[in-house]
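The structure under discussion appears below in the form of structure tokens.
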Amino acid sequence: MFTGIDEVGWASLRHAYGSAEDVPGLLRGLASTDSVERASALDGMYGAVHHQGIVYDSTLACVPFLLALAACEEVADRGGLVELLVSIGQGHAPEGEVVDTGDGRGSAEAAVRAGAEVFVALLGDRDSGVRRAAAEALVRFLDQPARVLGLLRRRIAVERDDRVLLALTESVGLFVRRHPAHAPEALDILLMLGTPPYDPGLRLAALGQLAGCAPDLLPADLVPTVVELLGERSEQRRSGRSTPTEGDHADPDTLAGRLRRLRPSDEEGALLLRTLHTALGGRVGDRIALLEGQLTSPDPADRCNGVWMSAGLFREWRADYTVPVQLIGEQLDAGAPPLLGAAVSDRLRDAAVSVLGDLFHLAAPAADHLHALVISRPDLWVHRWERRAPTLGGPLKSLARSGDPRATPVLAQVLAQPVVPDDLGRVIVHLGRSAAPLAPALRHRLGQTPLDSPETYDRAVPLLSALTALADREAVPEVLRLLGGMADGVRSRHRVVESAVRALDVFGGGAEGVVPVLRELLESECAGVAAGALWSVEGDASTVLPVLIRELAGPDAQRRRAAAEVLARLGSAARAATPGLARMVGAECAWERTAGACALWRVTGEVEGVLPVLRSAWVDHPEVRGVVAACLVGMGATGAPLHDLVEAELAAPRRHLVRSGGHGSLDVLEDERLLAVCREVRGLEFGW
């Protein structure tokens with residue numbers, strides 16, 4: 001297995017953490033008879049030699065030895081070695097580098113392909129884990145399609161392990177996608193596997209692969225069929241007739257072991273349904289119906305999988321999700337059969353809370369269930385961490401984010417506790433005026449915020465956000481205390497100052513001591529937002545205009561954008577800033593370009609040079625569409641040449657940030673806000 005290992009110049013090769021001189025020890029560790037040593041060595045391979053999918057020169061040098069280890073029946077856990085080889089074969093060189101094997105092959109894929117004959121033998125290995133991993137490796141790296149398909153077909157005919165059959169089914173689907181010329185024969189195999197007498201889990205896997213590579217071959221009654229198969233599979237699991245999972249034995253306390261423990265309780269079921277949901281893509285009606293089947297299953301593991309599947313659907317596609325959200329809410333109090341224990345109930349509850357928390361107001365259909373959970377479980381109001389500050393508990397956070405006013409009295413009790421979660425203020429902004437009774441307690445907390453602590457930013461900014469959302473003018477003294485007394489060395493001090501100034505901007509004039517503080521800040525890095533607040537308080541353009549023009553000419557793009565936003569509020573009184581705004585319209589940054597164009601229209605009333613900029617920003621940079629749409633609301637009929645963009649957005653089935661590659665927790669919220677503004681633009685057009 002290790003012939004020639006000492007002849008490799010490992011010290012001259014490298015991995016993620018420098019010299020690869022430790023790699024021979026890792027390779028020998030993979031062959032150890034001690035399970036912990038093997039697991040630690042595999043950790044080292046993924047953590048350094050193949051870190052985050054990167055292929056280094058040392059990674060390529062390992063391939064022949066990994067192939068030899070995988071082929072040796074005396075070595076344990078060889079399935080993991082085949083999985084590592086598959087990952088290496090799909091890996092990539094470090095950014096900006098080309099990694100060569102040194103023998104002209106040139107790539108990780110070529111290095112694994114050179115030894116792909118090993119996978120032919122491993123497909124019939126006595127170890128089921130090896131057979132399972134070898135199926136994918138064979139399809140990816142043996143460049144003889146007809147032979148590969150024959151090997152898969154023959155293995156399927158004799159295989160008796162359910163998990164290996166699932167892997168073979170997935171590999172046939174992969175084969176169809178990689179070798180379209182041989183697809184008809186492979187599709188016949190999938191059609192065969194999707195019918196009785198095959199196991200319901202295997203039939204689900206076959207349907208998932210068909211959905212991804214030949215959707216026209218799916219049965220007309222796809223969703224009822226899948227739900228029925230899901231029920232049959234669940235019954236098998238409950239009656240103990242299904243193959244036990246690999247999680248039935250304890251995993252070692254290594255990185256790989258910890259990752260395995262984080263997998264779903266029914267990982268196989270999760271994979272089956274995820275494959276099907278992914279393949280169905282934009283068939284939202286079918287996916288909602290499928291979710292409803294999952295969420296009403298008698299098996300809590302099926303319901304938990306359904307909850308997690310729903311998150312991807314909600315985040316990516318626009319639709320009426322009232323029914324699935326209601327069903328997710330029901331999981332909060334559904335519980336689990338006594339034999340399955342509290343852990344299953346907690347897992348299901350936590351999944352539901354997590355998904356609902358990212359839906360914001362779309363979680364309203366589940367609000368009754370969230371409220372019931374919050375009232376019955378005060379211990380869940382605050383999540384206490386071992387090594388960091390407490391945070392608001394998931395159920396209460398989700399209830400508040402949904403905009404439900406019943407969260408307010410509970411938040412009041414949390415605010416009365418000695419230690420208050422720092423993120424509490426961030427959820428209050430979603431409650432609107434129903435959170436007004438919290439203002440005195442929020443002011444009190446802001447007044448107690450330390451002025452010279454590393455925690456000042458974490459405590460102050462969420463409280464300022466909440467008081468700003470409530471437009472609580474009585475908070476002016478606490479805000480001025482923060483601005484006047486905060487130490488210079490406080491972490492992210494300028495962000496605290498900016499949040500405080502924006503609060504004063506919303507509060508408006510009339511309070512003593514505000515104007516001198518704002519005037520002093522006109523020479524700071526927060527000059528633009530300070531000018532905006534001073535404009536709100538005094539309404540004197542002659543004071544703030546020179547400051548804003550100076551900011552437009554500065555080197556900081558963020559400050560230029562902040563200045564443009566204030567100039568837009570000044571309107572025609574800011575005509576002297578026109579040259580600076582015109583320069584912004586040609587900026588490289590889409591956010592800066594858009595802010596400049598919107599301000600230029602507000603200041604000059606000219607649209608000829610502005611509308612093309614806004615159209616280009618909308619089309620090429622979906623993240624700025626909310627800003628453009630808000631500008632179109634202000635333009636009224638003048639913005640009509642861009643209303644086709646608004647209509648197209650309202651008609652699009654997919655969320656705009658996902659279409660541009662976004663995957664953030666705020667994607668749904670930002671998309672719903674965009675749709676609301678687009679509807680406002682449409683209302684202007686039709687006089688609604």
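For the structure tokens, the naming scheme is as follows: chains receive sequential letters (A, B, ...) according to their order of presentation, residues are indexed from 1 within each chain, and ligands are indexed from 1 in presentation order.
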
Review point. Residues at most 6 Å from range 134-137 of chain A, counting only C-alpha atoms, excluding those fewer than 4 positions away in the same chain, as a PyMOL selection string?
Key: chain A and resi 86+119+122-123+130+141+168+171

Let me see the file: selected residues, N, CA, C and O atoms, as a CSV table (one decimal), in the first residue's frame.
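Listing of selection08.csv after writing:
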```csv
chain,number,residue,atom,x,y,z
A,86,VAL,N,-13.6,10.5,-4.4
A,86,VAL,CA,-14.6,11.2,-5.2
A,86,VAL,C,-14.5,12.7,-5.0
A,86,VAL,O,-14.6,13.5,-6.0
A,119,PHE,N,-12.3,1.0,-8.8
A,119,PHE,CA,-13.7,1.1,-8.4
A,119,PHE,C,-14.5,0.0,-9.0
A,119,PHE,O,-15.6,-0.4,-8.5
A,122,LEU,N,-14.3,-2.7,-6.5
A,122,LEU,CA,-14.9,-2.3,-5.3
A,122,LEU,C,-16.5,-2.3,-5.3
A,122,LEU,O,-17.1,-2.3,-4.3
A,123,LEU,N,-17.0,-2.2,-6.5
A,123,LEU,CA,-18.5,-2.3,-6.7
A,123,LEU,C,-19.0,-3.6,-6.2
A,123,LEU,O,-20.2,-3.7,-5.8
A,130,VAL,N,-18.3,0.3,1.2
A,130,VAL,CA,-17.4,0.5,0.0
A,130,VAL,C,-18.2,0.4,-1.3
A,130,VAL,O,-18.1,1.2,-2.2
A,141,PHE,N,-15.6,8.5,-12.9
A,141,PHE,CA,-14.2,8.4,-13.2
A,141,PHE,C,-13.9,7.3,-14.2
A,141,PHE,O,-12.8,7.3,-14.8
A,168,LEU,N,-26.9,3.0,-5.8
A,168,LEU,CA,-26.9,2.6,-7.2
A,168,LEU,C,-27.9,3.3,-8.0
A,168,LEU,O,-27.7,3.7,-9.2
A,171,SER,N,-26.7,6.8,-8.7
A,171,SER,CA,-25.6,6.7,-9.7
A,171,SER,C,-26.1,6.5,-11.1
A,171,SER,O,-25.6,7.0,-12.0
```

Exercise for review: Check the DSSP output for the backbone and give back, as a ChimeraX atom specification, the residues of range 114-350 of chain A in helix (DSSP H, G or I).
Suggested key: /A:117-122,128-141,145-158,162-178,180-193,200-213,215-217,222-239,246-248,255-261,267-280,284-295,300-316,322-334,338-340,342-350

**Study point:** Residue neighbourhood Val120 in chain A, 8 Å, only C-alpha atoms, exclusion window fewer than 3 positions, as a list in words
**Key:**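 So, after excluding close chain neighbours, the residues are Ala116, Glu117, Leu123, Gly124, Ala134, Leu138 and Leu151 of chain A.
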
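Atom pair CA of Leu327 in chain A / CA of Val284 in chain A has a distance of 16.8 Å (rounded to one decimal).
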
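With distances restricted to only C-alpha atoms, A:Glu159 is the closest residue to Arg132 in chain A from A:Glu159, A:Val148, A:Gly393, A:Thr408.
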
Exercise for review: Name all residues at most 8 Å from Thr33 in chain A (count only C-alpha atoms; drop same-chain ones fewer than 5 positions away) and give them as a ChimeraX atom specification.
Suggested key: /A:38,75-76

Output N, CA, C and O atoms for every residue in the selection just made, as a JSON list (two decimals), in the first residue's frame.
```
[["chain", "number", "residue", "atom", "x", "y", "z"],
["A", 38, "ARG", "N", -7.86, 6.07, 12.91],
["A", 38, "ARG", "CA", -8.32, 6.18, 11.52],
["A", 38, "ARG", "C", -9.17, 7.43, 11.33],
["A", 38, "ARG", "O", -9.00, 8.17, 10.35],
["A", 75, "VAL", "N", -8.00, -3.17, 5.28],
["A", 75, "VAL", "CA", -8.19, -1.82, 5.81],
["A", 75, "VAL", "C", -9.67, -1.60, 6.12],
["A", 75, "VAL", "O", -10.54, -1.91, 5.30],
["A", 76, "ALA", "N", -9.95, -1.06, 7.31],
["A", 76, "ALA", "CA", -11.33, -0.78, 7.70],
["A", 76, "ALA", "C", -11.77, 0.60, 7.21],
["A", 76, "ALA", "O", -10.94, 1.46, 6.88]]
```

**Study point:** Contact residues around Pro64 in chain A with only C-alpha atoms at 9 Å, ignoring same-chain residues under 4 positions, as a list in words
**Key:** Met1, Leu60, Ala68, Leu69, Ala111, Val112 and Gly115 of chain A

So that I have them on file, write out the residues from the current selection with N, CA, C and O atoms, as a short mmCIF file (atom, residue, chain, number, x, y, z; two decimals), in the first residue's frame.
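Contents of selection06.cif, as written:
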```
data_model
loop_
_atom_site.label_atom_id
_atom_site.label_comp_id
_atom_site.auth_asym_id
_atom_site.auth_seq_id
_atom_site.Cartn_x
_atom_site.Cartn_y
_atom_site.Cartn_z
N MET A 1 0.82 -1.22 0.00
CA MET A 1 0.00 0.00 0.00
C MET A 1 0.85 1.27 0.00
O MET A 1 0.46 2.28 -0.56
N LEU A 60 -2.69 15.59 -4.68
CA LEU A 60 -2.50 14.75 -5.86
C LEU A 60 -1.50 13.63 -5.58
O LEU A 60 -1.68 12.49 -6.04
N ALA A 68 -4.72 2.57 -3.33
CA ALA A 68 -4.20 1.30 -2.81
C ALA A 68 -4.86 0.93 -1.49
O ALA A 68 -5.20 -0.24 -1.24
N LEU A 69 -5.05 1.93 -0.63
CA LEU A 69 -5.73 1.68 0.65
C LEU A 69 -7.17 1.22 0.43
O LEU A 69 -7.65 0.29 1.09
N ALA A 111 -6.13 12.48 -12.22
CA ALA A 111 -5.38 11.62 -11.32
C ALA A 111 -6.26 10.47 -10.81
O ALA A 111 -5.80 9.32 -10.71
N VAL A 112 -7.51 10.77 -10.47
CA VAL A 112 -8.41 9.73 -9.99
C VAL A 112 -8.84 8.83 -11.14
O VAL A 112 -8.94 7.60 -10.99
N GLY A 115 -6.75 5.79 -11.95
CA GLY A 115 -6.87 4.59 -11.12
C GLY A 115 -8.29 4.08 -11.01
O GLY A 115 -8.62 3.31 -10.09
#
```

Practice item. Fewer than 2 positions away in the same chain doesn't count, so skip those; otherwise give me all residues within 8 Å of Gly194 in chain A, counting only C-alpha atoms, as a list in words. Key: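 Answer for this query is Leu190, Leu191, Met192, Pro196, Tyr198, Leu202, Arg203, Leu204, Ala205, Ala206 and Leu207 of chain A.
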
File of the preceding selection, C-alpha atoms, as a compact mmCIF listing (two decimals), in the first residue's frame:
```txt
# COMPACT_ATOMS: atom_id res chain seq x y z
CA LEU A 190 -34.87 3.83 -13.23
CA LEU A 191 -38.38 3.04 -14.47
CA MET A 192 -37.94 -0.56 -13.34
CA PRO A 196 -43.24 -2.84 -7.32
CA TYR A 198 -39.04 -2.82 -5.08
CA LEU A 202 -35.92 2.68 -3.50
CA ARG A 203 -38.98 3.61 -5.55
CA LEU A 204 -38.86 7.11 -4.06
CA ALA A 205 -35.19 7.37 -5.03
CA ALA A 206 -35.97 6.28 -8.60
CA LEU A 207 -38.77 8.86 -8.89
```

Practice item. Grab the CA of Val176 in chain A to CA of Asp199 in chain A distance for me, in Å with one decimal place. Key: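 According to the coordinates, CA of Val176 in chain A and CA of Asp199 in chain A are separated by 22.1 Å.
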
Exercise for review: Quote the spacing between CA of Leu666 in chain A and CA of Leu645 in chain A in Å to one decimal place.
Suggested key: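 Result for CA of Leu666 in chain A versus CA of Leu645 in chain A: 22.6 Å, one decimal.
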
**Study point:** Residue neighbourhood Ile88 in chain A, 9 Å, only C-alpha atoms, exclusion window fewer than 4 positions, as a VMD selection string
**Key:** chain A and resid 50 53 to 55 59 to 60 63 83 to 84 92 108 to 109 112

Point to revise | Distance criterion (only C-alpha atoms): nearest to Val427 in chain A out of A:Phe360, A:Phe65, A:Trp317, A:Trp308 | key: A:Phe360
